[in-house]
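Structure data (PDB, C-alpha atoms) from start-v8.pdb:
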ATOM      1  CA  MET A  29      51.513  37.356  95.038
ATOM      2  CA  ASN A  30      50.016  36.825  91.629
ATOM      3  CA  ASN A  31      48.895  40.350  90.861
ATOM      4  CA  PRO A  32      51.792  42.292  89.233
ATOM      5  CA  SER A  33      50.212  45.640  90.032
ATOM      6  CA  GLN A  34      50.113  44.820  93.734
ATOM      7  CA  TYR A  35      53.775  43.786  93.617
ATOM      8  CA  LEU A  36      54.805  47.047  91.967
ATOM      9  CA  LEU A  37      52.782  49.007  94.510
ATOM     10  CA  LEU A  38      54.628  47.329  97.382
ATOM     11  CA  LEU A  39      57.977  48.104  95.753
ATOM     12  CA  TRP A  40      56.971  51.739  95.349
ATOM     13  CA  LEU A  41      55.921  51.991  99.003
ATOM     14  CA  ALA A  42      59.227  50.453 100.078
ATOM     15  CA  ILE A  43      61.234  53.314  98.553
ATOM     16  CA  PRO A  44      62.202  55.832 101.252
ATOM     17  CA  VAL A  45      60.538  59.207 100.927
ATOM     18  CA  ALA A  46      63.927  60.981 101.007
ATOM     19  CA  ALA A  47      65.018  59.047  97.913
ATOM     20  CA  LEU A  48      62.036  60.390  95.996
ATOM     21  CA  ALA A  49      62.611  63.999  96.966
ATOM     22  CA  ALA A  50      63.607  66.386  94.207
ATOM     23  CA  PRO A  51      67.005  68.124  94.480
ATOM     24  CA  LEU A  52      67.000  71.296  96.553
ATOM     25  CA  ASN A  53      67.363  74.529  94.595
ATOM     26  CA  VAL A  54      70.389  76.578  95.617
ATOM     27  CA  PHE A  55      71.584  79.862  94.106
ATOM     28  CA  VAL A  56      75.052  81.404  94.183
ATOM     29  CA  THR A  57      76.360  84.652  92.747
ATOM     30  CA  VAL A  58      79.324  83.550  90.624
ATOM     31  CA  PRO A  59      80.266  80.422  88.607
ATOM     32  CA  PRO A  60      83.216  79.247  90.771
ATOM     33  CA  LEU A  61      80.882  78.920  93.738
ATOM     34  CA  LYS A  62      78.504  76.908  91.573
ATOM     35  CA  THR A  63      81.364  74.442  91.121
ATOM     36  CA  PHE A  64      81.906  74.374  94.896
ATOM     37  CA  VAL A  65      78.236  73.704  95.674
ATOM     38  CA  LYS A  66      77.854  71.057  92.968
ATOM     39  CA  THR A  67      80.964  69.251  94.200
ATOM     40  CA  ILE A  68      79.745  69.202  97.796
ATOM     41  CA  GLY A  69      76.019  68.749  97.167
ATOM     42  CA  GLY A  70      76.164  66.232  94.333
ATOM     43  CA  GLU A  71      72.823  65.017  93.005
ATOM     44  CA  LYS A  72      70.960  66.225  96.090
ATOM     45  CA  ILE A  73      71.406  69.860  95.058
ATOM     46  CA  ARG A  74      70.398  71.764  91.928
ATOM     47  CA  VAL A  75      72.626  74.841  91.846
ATOM     48  CA  SER A  76      72.330  77.937  89.668
ATOM     49  CA  SER A  77      74.672  80.901  89.331
ATOM     50  CA  MET A  78      73.172  84.350  88.937
ATOM     51  CA  ILE A  79      76.160  85.537  86.912
ATOM     52  CA  LYS A  80      76.952  83.393  83.888
ATOM     53  CA  PRO A  81      80.443  82.734  82.470
ATOM     54  CA  GLY A  82      81.645  85.778  80.561
ATOM     55  CA  GLN A  83      79.282  88.236  82.272
ATOM     56  CA  ASN A  84      80.617  91.206  84.215
ATOM     57  CA  PRO A  85      79.449  91.061  87.855
ATOM     58  CA  HIS A  86      79.978  94.805  88.245
ATOM     59  CA  THR A  87      77.295  95.576  85.656
ATOM     60  CA  PHE A  88      75.085  92.518  86.128
ATOM     61  CA  SER A  89      71.374  92.724  86.920
ATOM     62  CA  PRO A  90      69.101  89.676  87.516
ATOM     63  CA  THR A  91      66.820  88.711  84.655
ATOM     64  CA  PRO A  92      63.059  88.225  85.134
ATOM     65  CA  GLN A  93      63.596  84.493  84.560
ATOM     66  CA  GLN A  94      66.126  84.348  87.372
ATOM     67  CA  ILE A  95      63.856  86.239  89.741
ATOM     68  CA  THR A  96      61.063  83.787  88.945
ATOM     69  CA  ALA A  97      63.359  80.808  89.566
ATOM     70  CA  LEU A  98      64.450  82.251  92.921
ATOM     71  CA  ALA A  99      60.882  81.896  94.173
ATOM     72  CA  ASN A 100      61.497  78.125  94.407
ATOM     73  CA  ALA A 101      64.978  78.306  95.954
ATOM     74  CA  SER A 102      65.755  76.894  99.394
ATOM     75  CA  LEU A 103      69.097  78.632  99.859
ATOM     76  CA  TYR A 104      71.084  81.599  98.552
ATOM     77  CA  LEU A 105      74.829  81.645  99.203
ATOM     78  CA  LYS A 106      76.242  85.179  99.210
ATOM     79  CA  SER A 107      79.861  85.767  98.261
ATOM     80  CA  SER A 108      80.331  89.529  98.586
ATOM     81  CA  ASP A 109      78.236  92.666  99.053
ATOM     82  CA  LEU A 110      80.416  94.284  96.393
ATOM     83  CA  PHE A 111      78.676  92.033  93.857
ATOM     84  CA  GLU A 112      75.256  91.681  95.457
ATOM     85  CA  ARG A 113      74.483  94.954  97.227
ATOM     86  CA  ALA A 114      72.516  96.449  94.343
ATOM     87  CA  TRP A 115      70.050  93.589  93.946
ATOM     88  CA  MET A 116      70.027  91.562  97.181
ATOM     89  CA  SER A 117      66.885  93.259  98.506
ATOM     90  CA  ARG A 118      65.049  92.311  95.298
ATOM     91  CA  ILE A 119      66.177  88.703  95.693
ATOM     92  CA  ARG A 120      65.009  88.561  99.302
ATOM     93  CA  SER A 121      61.625  90.087  98.490
ATOM     94  CA  VAL A 122      60.720  87.453  95.900
ATOM     95  CA  ASN A 123      61.288  84.623  98.391
ATOM     96  CA  PRO A 124      61.194  85.802 102.044
ATOM     97  CA  GLY A 125      61.405  82.208 103.274
ATOM     98  CA  MET A 126      64.649  81.466 101.419
ATOM     99  CA  LYS A 127      67.646  81.057 103.703
ATOM    100  CA  VAL A 128      70.470  83.486 102.838
ATOM    101  CA  VAL A 129      73.963  82.584 104.068
ATOM    102  CA  GLU A 130      77.133  84.672 103.823
ATOM    103  CA  ILE A 131      79.982  82.313 102.894
ATOM    104  CA  ASN A 132      82.764  84.877 102.634
ATOM    105  CA  PRO A 133      85.069  84.196 105.603
ATOM    106  CA  ALA A 134      86.989  87.451 105.064
ATOM    107  CA  PRO A 135      84.508  90.351 105.306
ATOM    108  CA  ASN A 136      87.270  92.942 104.928
ATOM    109  CA  ALA A 137      88.192  92.704 101.263
ATOM    110  CA  LEU A 138      91.818  93.152 100.326
ATOM    111  CA  GLU A 139      92.778  96.321  98.585
ATOM    112  CA  SER A 140      94.538  95.954  95.283
ATOM    113  CA  ASP A 141      97.165  98.155  93.663
ATOM    114  CA  ASP A 142      95.584  99.287  90.430
ATOM    115  CA  GLY A 143      98.791 100.539  88.856
ATOM    116  CA  GLN A 144      97.741 104.202  88.694
ATOM    117  CA  ASP A 145      99.204 106.533  91.309
ATOM    118  CA  HIS A 146      98.611 103.865  93.973
ATOM    119  CA  HIS A 147      94.856 104.276  94.235
ATOM    120  CA  HIS A 148      93.131 101.160  95.604
ATOM    121  CA  GLU A 149      89.914  99.264  95.159
ATOM    122  CA  SER A 150      88.477  96.293  97.030
ATOM    123  CA  ASP A 151      88.700  92.835  95.536
ATOM    124  CA  PRO A 152      85.722  90.510  96.154
ATOM    125  CA  HIS A 153      87.274  87.482  94.386
ATOM    126  CA  PHE A 154      88.022  85.706  97.664
ATOM    127  CA  TRP A 155      88.052  82.208  96.186
ATOM    128  CA  THR A 156      91.271  82.862  94.228
ATOM    129  CA  ASN A 157      93.115  81.998  97.445
ATOM    130  CA  PRO A 158      92.725  78.203  97.899
ATOM    131  CA  LYS A 159      93.038  78.535 101.679
ATOM    132  CA  THR A 160      90.108  80.934 101.698
ATOM    133  CA  ALA A 161      88.290  78.624  99.276
ATOM    134  CA  ILE A 162      88.571  75.839 101.848
ATOM    135  CA  ALA A 163      86.851  78.047 104.437
ATOM    136  CA  MET A 164      84.160  78.970 101.901
ATOM    137  CA  ALA A 165      83.632  75.293 101.065
ATOM    138  CA  ASP A 166      83.234  74.546 104.769
ATOM    139  CA  ALA A 167      80.607  77.282 105.062
ATOM    140  CA  ILE A 168      78.791  75.822 102.044
ATOM    141  CA  GLY A 169      78.837  72.353 103.574
ATOM    142  CA  ASN A 170      77.401  73.651 106.835
ATOM    143  CA  ALA A 171      74.671  75.552 104.970
ATOM    144  CA  LEU A 172      73.653  72.465 102.992
ATOM    145  CA  ILE A 173      73.545  70.355 106.139
ATOM    146  CA  ALA A 174      71.385  72.971 107.858
ATOM    147  CA  ILE A 175      68.702  72.886 105.143
ATOM    148  CA  ASP A 176      69.015  69.144 104.425
ATOM    149  CA  PRO A 177      70.236  67.268 107.526
ATOM    150  CA  ALA A 178      69.010  63.959 106.108
ATOM    151  CA  HIS A 179      72.002  63.934 103.749
ATOM    152  CA  ALA A 180      74.563  65.344 106.177
ATOM    153  CA  ASP A 181      76.891  62.353 105.827
ATOM    154  CA  LEU A 182      77.012  62.735 102.050
ATOM    155  CA  TYR A 183      77.786  66.449 102.275
ATOM    156  CA  LYS A 184      80.493  65.855 104.880
ATOM    157  CA  GLU A 185      82.135  63.152 102.780
ATOM    158  CA  ASN A 186      82.084  65.285  99.630
ATOM    159  CA  LEU A 187      83.367  68.288 101.572
ATOM    160  CA  ASN A 188      86.301  66.307 102.968
ATOM    161  CA  GLN A 189      87.250  65.130  99.488
ATOM    162  CA  PHE A 190      86.955  68.651  98.071
ATOM    163  CA  THR A 191      89.062  70.088 100.905
ATOM    164  CA  THR A 192      91.768  67.557 100.098
ATOM    165  CA  THR A 193      91.649  68.612  96.447
ATOM    166  CA  LEU A 194      91.913  72.305  97.318
ATOM    167  CA  SER A 195      94.883  71.625  99.589
ATOM    168  CA  SER A 196      96.534  69.774  96.720
ATOM    169  CA  VAL A 197      95.917  72.730  94.386
ATOM    170  CA  ASP A 198      97.532  75.034  96.941
ATOM    171  CA  ASP A 199     100.569  72.739  97.160
ATOM    172  CA  GLN A 200     100.876  72.590  93.366
ATOM    173  CA  ILE A 201     100.727  76.377  93.047
ATOM    174  CA  ARG A 202     103.415  76.827  95.700
ATOM    175  CA  HIS A 203     105.616  74.367  93.833
ATOM    176  CA  LYS A 204     105.108  76.199  90.527
ATOM    177  CA  LEU A 205     105.958  79.573  92.084
ATOM    178  CA  ARG A 206     108.888  78.405  94.186
ATOM    179  CA  GLY A 207     112.077  80.367  93.732
ATOM    180  CA  LEU A 208     110.722  83.180  91.564
ATOM    181  CA  LYS A 209     113.137  86.101  91.360
ATOM    182  CA  LYS A 210     110.421  88.411  90.029
ATOM    183  CA  THR A 211     107.078  88.328  91.831
ATOM    184  CA  THR A 212     105.137  91.136  90.117
ATOM    185  CA  PHE A 213     102.485  90.306  87.534
ATOM    186  CA  LEU A 214     100.317  92.471  85.278
ATOM    187  CA  VAL A 215      96.549  92.145  84.876
ATOM    188  CA  VAL A 216      93.902  94.223  83.150
ATOM    189  CA  HIS A 217      91.419  94.124  86.051
ATOM    190  CA  PRO A 218      92.535  93.721  89.701
ATOM    191  CA  ALA A 219      90.767  90.426  90.370
ATOM    192  CA  TRP A 220      93.743  88.467  91.740
ATOM    193  CA  SER A 221      94.582  90.289  94.987
ATOM    194  CA  HIS A 222      93.751  87.282  97.178
ATOM    195  CA  PHE A 223      95.811  84.985  94.955
ATOM    196  CA  ALA A 224      98.719  87.433  95.130
ATOM    197  CA  ASN A 225      98.426  87.743  98.899
ATOM    198  CA  ALA A 226      98.416  83.962  99.335
ATOM    199  CA  TYR A 227     101.679  83.499  97.448
ATOM    200  CA  ASN A 228     103.571  86.699  98.278
ATOM    201  CA  LEU A 229     103.125  88.168  94.816
ATOM    202  CA  THR A 230     102.440  91.726  93.679
ATOM    203  CA  GLN A 231      99.508  92.333  91.347
ATOM    204  CA  VAL A 232      99.520  95.494  89.232
ATOM    205  CA  ALA A 233      96.383  96.316  87.245
ATOM    206  CA  ILE A 234      96.279  98.322  84.019
ATOM    207  CA  GLU A 235      92.825  99.756  84.589
ATOM    208  CA  HIS A 236      91.360 101.645  87.527
ATOM    209  CA  GLU A 237      87.644 101.307  88.305
ATOM    210  CA  GLY A 238      87.009 100.118  84.768
ATOM    211  CA  LYS A 239      88.842 103.028  83.160
ATOM    212  CA  PRO A 240      91.930 102.699  80.931
ATOM    213  CA  PRO A 241      95.192 104.360  81.998
ATOM    214  CA  GLY A 242      96.167 107.816  80.843
ATOM    215  CA  GLY A 243      99.432 108.558  79.078
ATOM    216  CA  ARG A 244     101.499 109.018  82.243
ATOM    217  CA  ALA A 245     100.099 105.859  83.848
ATOM    218  CA  MET A 246     100.747 103.831  80.686
ATOM    219  CA  ALA A 247     104.339 105.071  80.560
ATOM    220  CA  ALA A 248     104.802 103.992  84.187
ATOM    221  CA  LEU A 249     103.371 100.547  83.389
ATOM    222  CA  ILE A 250     105.723 100.137  80.449
ATOM    223  CA  GLU A 251     108.673 101.115  82.624
ATOM    224  CA  LEU A 252     107.606  98.695  85.363
ATOM    225  CA  ALA A 253     107.111  95.801  82.931
ATOM    226  CA  LYS A 254     110.567  96.322  81.444
ATOM    227  CA  ARG A 255     112.226  96.718  84.834
ATOM    228  CA  GLU A 256     110.569  93.605  86.230
ATOM    229  CA  GLU A 257     111.060  91.719  82.954
ATOM    230  CA  ILE A 258     107.356  90.887  82.719
ATOM    231  CA  SER A 259     106.445  89.268  79.409
ATOM    232  CA  VAL A 260     102.829  88.189  80.071
ATOM    233  CA  ILE A 261      99.780  90.415  80.506
ATOM    234  CA  ILE A 262      96.756  88.626  81.961
ATOM    235  CA  THR A 263      93.308  89.642  80.772
ATOM    236  CA  GLN A 264      89.817  88.310  81.458
ATOM    237  CA  PRO A 265      86.855  88.012  79.083
ATOM    238  CA  GLN A 266      84.661  90.504  80.944
ATOM    239  CA  PHE A 267      86.900  93.481  80.123
ATOM    240  CA  SER A 268      88.343  95.210  77.062
ATOM    241  CA  GLN A 269      91.828  94.191  75.934
ATOM    242  CA  GLN A 270      92.628  97.491  74.242
ATOM    243  CA  SER A 271      94.965  98.804  76.957
ATOM    244  CA  ALA A 272      96.555  95.373  77.341
ATOM    245  CA  LYS A 273      97.316  95.315  73.607
ATOM    246  CA  GLN A 274      98.857  98.769  73.803
ATOM    247  CA  LEU A 275     101.087  97.694  76.681
ATOM    248  CA  ALA A 276     101.942  94.364  75.064
ATOM    249  CA  ASP A 277     103.054  96.113  71.875
ATOM    250  CA  ALA A 278     105.304  98.426  73.875
ATOM    251  CA  ILE A 279     107.087  95.629  75.741
ATOM    252  CA  ASP A 280     106.841  92.937  73.047
ATOM    253  CA  GLY A 281     104.708  90.963  75.483
ATOM    254  CA  GLU A 282     102.055  88.259  75.300
ATOM    255  CA  ILE A 283      98.382  88.596  76.197
ATOM    256  CA  VAL A 284      96.726  85.593  77.846
ATOM    257  CA  THR A 285      93.139  85.358  79.056
ATOM    258  CA  VAL A 286      92.388  83.819  82.452
ATOM    259  CA  ASP A 287      88.875  84.056  83.880
ATOM    260  CA  PRO A 288      88.651  84.237  87.709
ATOM    261  CA  LEU A 289      84.916  83.585  87.277
ATOM    262  CA  SER A 290      85.429  80.319  85.408
ATOM    263  CA  LEU A 291      83.571  77.150  86.358
ATOM    264  CA  GLU A 292      86.905  75.316  86.000
ATOM    265  CA  TYR A 293      88.211  76.489  89.348
ATOM    266  CA  GLN A 294      91.227  74.236  89.849
ATOM    267  CA  LYS A 295      92.379  74.436  86.236
ATOM    268  CA  THR A 296      92.119  78.238  86.307
ATOM    269  CA  LEU A 297      94.279  78.709  89.403
ATOM    270  CA  LEU A 298      96.946  76.319  88.137
ATOM    271  CA  LYS A 299      96.988  78.120  84.783
ATOM    272  CA  MET A 300      97.425  81.421  86.598
ATOM    273  CA  ALA A 301     100.422  80.061  88.493
ATOM    274  CA  ASP A 302     101.981  78.763  85.272
ATOM    275  CA  LEU A 303     101.567  82.150  83.567
ATOM    276  CA  ILE A 304     103.083  84.083  86.455
ATOM    277  CA  ALA A 305     106.026  81.714  86.569
ATOM    278  CA  ARG A 306     106.526  82.018  82.805
ATOM    279  CA  GLY A 307     106.068  85.781  82.780
ATOM    280  CA  ALA A 308     108.617  86.240  85.571
ATOM    281  CA  LYS A 309     111.449  84.519  83.677
TER
END
What do you get writing this file as structure tokens?
Amino acid sequence: MNNPSQYLLLLWLAIPVAALAAPLNVFVTVPPLKTFVKTIGGEKIRVSSMIKPGQNPHTFSPTPQQITALANASLYLKSSDLFERAWMSRIRSVNPGMKVVEINPAPNALESDDGQDHHHESDPHFWTNPKTAIAMADAIGNALIAIDPAHADLYKENLNQFTTTLSSVDDQIRHKLRGLKKTTFLVVHPAWSHFANAYNLTQVAIEHEGKPPGGRAMAALIELAKREEISVIITQPQFSQQSAKQLADAIDGEIVTVDPLSLEYQKTLLKMADLIARGAK
């Protein structure tokens, strides 16, 4: 074949159609799940998180740009109605043909001690338990296969590797927390109930429903921290540190920020385990 243009045309026609397809657009609610989807979907999936790092999911509202982008999405992966209830109907209306899949395997959210007269509030941060994260990853893999069966083998292989990684993270956390004499830890916002439940820990939160503690509640927190010999108070970037600073000053403690909504899922959980172990000594 002497004509270069004809040769290039034949090469182009020889490329499978699937290889030319653009990545499928998938949306999730929170950054950790973006990490899950990207790990499992690889280059076949373009994933976006509605909530960006540092944003508060309890006060979040979709931007016009996000609503526009959702019109081209193939799949929305829901994590919790506690985050999505206020704006899910708007998301569905902009793209009625978009598949919406619930990936939370534990519909009954744990209740978390908020440190103030034993009131409770539900905790939608299910992924902070690696065992639950494995179930969520499996649901993600199944959802990707359902909308893109042509790449099922790739998704299954990536899912198996990710499951192995999550199991390793769970093992590492158990090793870090082995033999703790004190198992209570202090946080500003009660976002670690599922982590605490997984490792037989007790989470106590400084705030309640976004409100700082009153004088009596703060005194009780100070007493608890001294009794349990807690030296670390864990905050997250979405919430004020004012109450944490007040408590830290009273117990000569340390404030450390850990974001349960971080994209760095594995690193975040291992850091949390290290802090609890250090704060319990």
For atom CA of Ile175 of chain A and atom CA of Leu98 of chain A, quote the distance in Å rounded to one decimal.
->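 Between these atoms lies a distance of 16.0 Å.
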For the file shown, what are the residues hit by the PyMOL selection byres ((chain A and resi 167) around 10), laid out as an MDAnalysis selection string?
-> chainID A and resid 105 129:133 161:166 168:173
If you count only C-alpha atoms, which residues fall within 12 Å of segment 266-274 of chain A, apart from same-chain ones fewer than 5 positions away, as a PyMOL selection string?
-> chain A and resi 79-88+214-219+233-243+245-247+249-250+253+259-261+279-290
Take the residues from that selection and put them in a file with C-alpha atoms, as an mmCIF file, in the coordinates of the input.
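Once everything was written out, this is out.cif:
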data_model
loop_
_atom_site.group_PDB
_atom_site.id
_atom_site.type_symbol
_atom_site.label_atom_id
_atom_site.label_comp_id
_atom_site.auth_asym_id
_atom_site.auth_seq_id
_atom_site.Cartn_x
_atom_site.Cartn_y
_atom_site.Cartn_z
ATOM 1 C CA ILE A 79 76.160 85.537 86.912
ATOM 2 C CA LYS A 80 76.952 83.393 83.888
ATOM 3 C CA PRO A 81 80.443 82.734 82.470
ATOM 4 C CA GLY A 82 81.645 85.778 80.561
ATOM 5 C CA GLN A 83 79.282 88.236 82.272
ATOM 6 C CA ASN A 84 80.617 91.206 84.215
ATOM 7 C CA PRO A 85 79.449 91.061 87.855
ATOM 8 C CA HIS A 86 79.978 94.805 88.245
ATOM 9 C CA THR A 87 77.295 95.576 85.656
ATOM 10 C CA PHE A 88 75.085 92.518 86.128
ATOM 11 C CA LEU A 214 100.317 92.471 85.278
ATOM 12 C CA VAL A 215 96.549 92.145 84.876
ATOM 13 C CA VAL A 216 93.902 94.223 83.150
ATOM 14 C CA HIS A 217 91.419 94.124 86.051
ATOM 15 C CA PRO A 218 92.535 93.721 89.701
ATOM 16 C CA ALA A 219 90.767 90.426 90.370
ATOM 17 C CA ALA A 233 96.383 96.316 87.245
ATOM 18 C CA ILE A 234 96.279 98.322 84.019
ATOM 19 C CA GLU A 235 92.825 99.756 84.589
ATOM 20 C CA HIS A 236 91.360 101.645 87.527
ATOM 21 C CA GLU A 237 87.644 101.307 88.305
ATOM 22 C CA GLY A 238 87.009 100.118 84.768
ATOM 23 C CA LYS A 239 88.842 103.028 83.160
ATOM 24 C CA PRO A 240 91.930 102.699 80.931
ATOM 25 C CA PRO A 241 95.192 104.360 81.998
ATOM 26 C CA GLY A 242 96.167 107.816 80.843
ATOM 27 C CA GLY A 243 99.432 108.558 79.078
ATOM 28 C CA ALA A 245 100.099 105.859 83.848
ATOM 29 C CA MET A 246 100.747 103.831 80.686
ATOM 30 C CA ALA A 247 104.339 105.071 80.560
ATOM 31 C CA LEU A 249 103.371 100.547 83.389
ATOM 32 C CA ILE A 250 105.723 100.137 80.449
ATOM 33 C CA ALA A 253 107.111 95.801 82.931
ATOM 34 C CA SER A 259 106.445 89.268 79.409
ATOM 35 C CA VAL A 260 102.829 88.189 80.071
ATOM 36 C CA ILE A 261 99.780 90.415 80.506
ATOM 37 C CA ILE A 279 107.087 95.629 75.741
ATOM 38 C CA ASP A 280 106.841 92.937 73.047
ATOM 39 C CA GLY A 281 104.708 90.963 75.483
ATOM 40 C CA GLU A 282 102.055 88.259 75.300
ATOM 41 C CA ILE A 283 98.382 88.596 76.197
ATOM 42 C CA VAL A 284 96.726 85.593 77.846
ATOM 43 C CA THR A 285 93.139 85.358 79.056
ATOM 44 C CA VAL A 286 92.388 83.819 82.452
ATOM 45 C CA ASP A 287 88.875 84.056 83.880
ATOM 46 C CA PRO A 288 88.651 84.237 87.709
ATOM 47 C CA LEU A 289 84.916 83.585 87.277
ATOM 48 C CA SER A 290 85.429 80.319 85.408
#
Applied to the shown file, which residues does the PyMOL selection byres ((chain A and resi 226) around 12) return, written as a list of chain:residue names?
-> A:Leu138, A:Phe154, A:Trp155, A:Thr156, A:Asn157, A:Pro158, A:Lys159, A:Thr160, A:Ala161, A:Asp198, A:Asp199, A:Ile201, A:Arg202, A:Leu205, A:Trp220, A:Ser221, A:His222, A:Phe223, A:Ala224, A:Asn225, A:Tyr227, A:Asn228, A:Leu229, A:Thr230, A:Gln231, A:Leu297, A:Ala301
Saved selection, atoms kept: C-alpha atoms, as a PDB file, in the coordinates of the input:
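Okay, again.pdb is ready:
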ATOM      1  CA  LEU A 138      91.818  93.152 100.326  1.00  0.00           C
ATOM      2  CA  PHE A 154      88.022  85.706  97.664  1.00  0.00           C
ATOM      3  CA  TRP A 155      88.052  82.208  96.186  1.00  0.00           C
ATOM      4  CA  THR A 156      91.271  82.862  94.228  1.00  0.00           C
ATOM      5  CA  ASN A 157      93.115  81.998  97.445  1.00  0.00           C
ATOM      6  CA  PRO A 158      92.725  78.203  97.899  1.00  0.00           C
ATOM      7  CA  LYS A 159      93.038  78.535 101.679  1.00  0.00           C
ATOM      8  CA  THR A 160      90.108  80.934 101.698  1.00  0.00           C
ATOM      9  CA  ALA A 161      88.290  78.624  99.276  1.00  0.00           C
ATOM     10  CA  ASP A 198      97.532  75.034  96.941  1.00  0.00           C
ATOM     11  CA  ASP A 199     100.569  72.739  97.160  1.00  0.00           C
ATOM     12  CA  ILE A 201     100.727  76.377  93.047  1.00  0.00           C
ATOM     13  CA  ARG A 202     103.415  76.827  95.700  1.00  0.00           C
ATOM     14  CA  LEU A 205     105.958  79.573  92.084  1.00  0.00           C
ATOM     15  CA  TRP A 220      93.743  88.467  91.740  1.00  0.00           C
ATOM     16  CA  SER A 221      94.582  90.289  94.987  1.00  0.00           C
ATOM     17  CA  HIS A 222      93.751  87.282  97.178  1.00  0.00           C
ATOM     18  CA  PHE A 223      95.811  84.985  94.955  1.00  0.00           C
ATOM     19  CA  ALA A 224      98.719  87.433  95.130  1.00  0.00           C
ATOM     20  CA  ASN A 225      98.426  87.743  98.899  1.00  0.00           C
ATOM     21  CA  TYR A 227     101.679  83.499  97.448  1.00  0.00           C
ATOM     22  CA  ASN A 228     103.571  86.699  98.278  1.00  0.00           C
ATOM     23  CA  LEU A 229     103.125  88.168  94.816  1.00  0.00           C
ATOM     24  CA  THR A 230     102.440  91.726  93.679  1.00  0.00           C
ATOM     25  CA  GLN A 231      99.508  92.333  91.347  1.00  0.00           C
ATOM     26  CA  LEU A 297      94.279  78.709  89.403  1.00  0.00           C
ATOM     27  CA  ALA A 301     100.422  80.061  88.493  1.00  0.00           C
TER      28      ALA A 301
END
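Going from atom CA of His203 of chain A to atom CA of Arg255 of chain A covers 25.0 Å.
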What is the distance between atom CA of Ile304 of chain A and atom CA of Gln200 of chain A, in Å to one decimal?
->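 Going from atom CA of Ile304 of chain A over to atom CA of Gln200 of chain A, I get 13.6 Å.
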Skipping near chain neighbours, those fewer than 2 positions away, what residues fall within 12 Å of Val56 of chain A using only C-alpha atoms, listed as number ranges by chain?
-> A: 53-54, 58-66, 74-80, 94, 98, 101-108, 111-112, 116, 119, 128-132, 168
List, as a PyMOL selection string, every residue that the PyMOL selection byres ((chain A and resi 189) around 12) selects in the file provided.
-> chain A and resi 64+67-68+162+165-166+169+182-188+190-196
Keeping only C-alpha atoms, write the selected residues as a PDB file, keeping the file's coordinate frame.
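out.pdb, written as the output of this step:
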ATOM      1  CA  PHE A  64      81.906  74.374  94.896  1.00  0.00           C
ATOM      2  CA  THR A  67      80.964  69.251  94.200  1.00  0.00           C
ATOM      3  CA  ILE A  68      79.745  69.202  97.796  1.00  0.00           C
ATOM      4  CA  ILE A 162      88.571  75.839 101.848  1.00  0.00           C
ATOM      5  CA  ALA A 165      83.632  75.293 101.065  1.00  0.00           C
ATOM      6  CA  ASP A 166      83.234  74.546 104.769  1.00  0.00           C
ATOM      7  CA  GLY A 169      78.837  72.353 103.574  1.00  0.00           C
ATOM      8  CA  LEU A 182      77.012  62.735 102.050  1.00  0.00           C
ATOM      9  CA  TYR A 183      77.786  66.449 102.275  1.00  0.00           C
ATOM     10  CA  LYS A 184      80.493  65.855 104.880  1.00  0.00           C
ATOM     11  CA  GLU A 185      82.135  63.152 102.780  1.00  0.00           C
ATOM     12  CA  ASN A 186      82.084  65.285  99.630  1.00  0.00           C
ATOM     13  CA  LEU A 187      83.367  68.288 101.572  1.00  0.00           C
ATOM     14  CA  ASN A 188      86.301  66.307 102.968  1.00  0.00           C
ATOM     15  CA  PHE A 190      86.955  68.651  98.071  1.00  0.00           C
ATOM     16  CA  THR A 191      89.062  70.088 100.905  1.00  0.00           C
ATOM     17  CA  THR A 192      91.768  67.557 100.098  1.00  0.00           C
ATOM     18  CA  THR A 193      91.649  68.612  96.447  1.00  0.00           C
ATOM     19  CA  LEU A 194      91.913  72.305  97.318  1.00  0.00           C
ATOM     20  CA  SER A 195      94.883  71.625  99.589  1.00  0.00           C
ATOM     21  CA  SER A 196      96.534  69.774  96.720  1.00  0.00           C
TER      22      SER A 196
END
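Distances to Thr212 of chain A were evaluated for A:Leu291, A:Leu275, A:Leu303, A:Ala174 using only C-alpha atoms, and the minimum falls at A:Leu303.
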For Tyr293 of chain A, the nearest of the candidates A:Val197, A:Asp176, A:Pro152, A:Ile95, counting only C-alpha atoms |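 That would be A:Val197, the residue with the smallest distance to Tyr293 of chain A.
Compared by their closest atoms to Met300 of chain A, and using all atoms listed in the file, the residues A:Lys209, A:His179, A:Lys204, A:Arg118 rank with A:Lys204 nearest.
With only C-alpha atoms as the atoms that count, the residue of A:Arg113, A:Lys254, A:Lys72, A:Lys127 with the shortest distance to Phe213 of chain A is A:Lys254.
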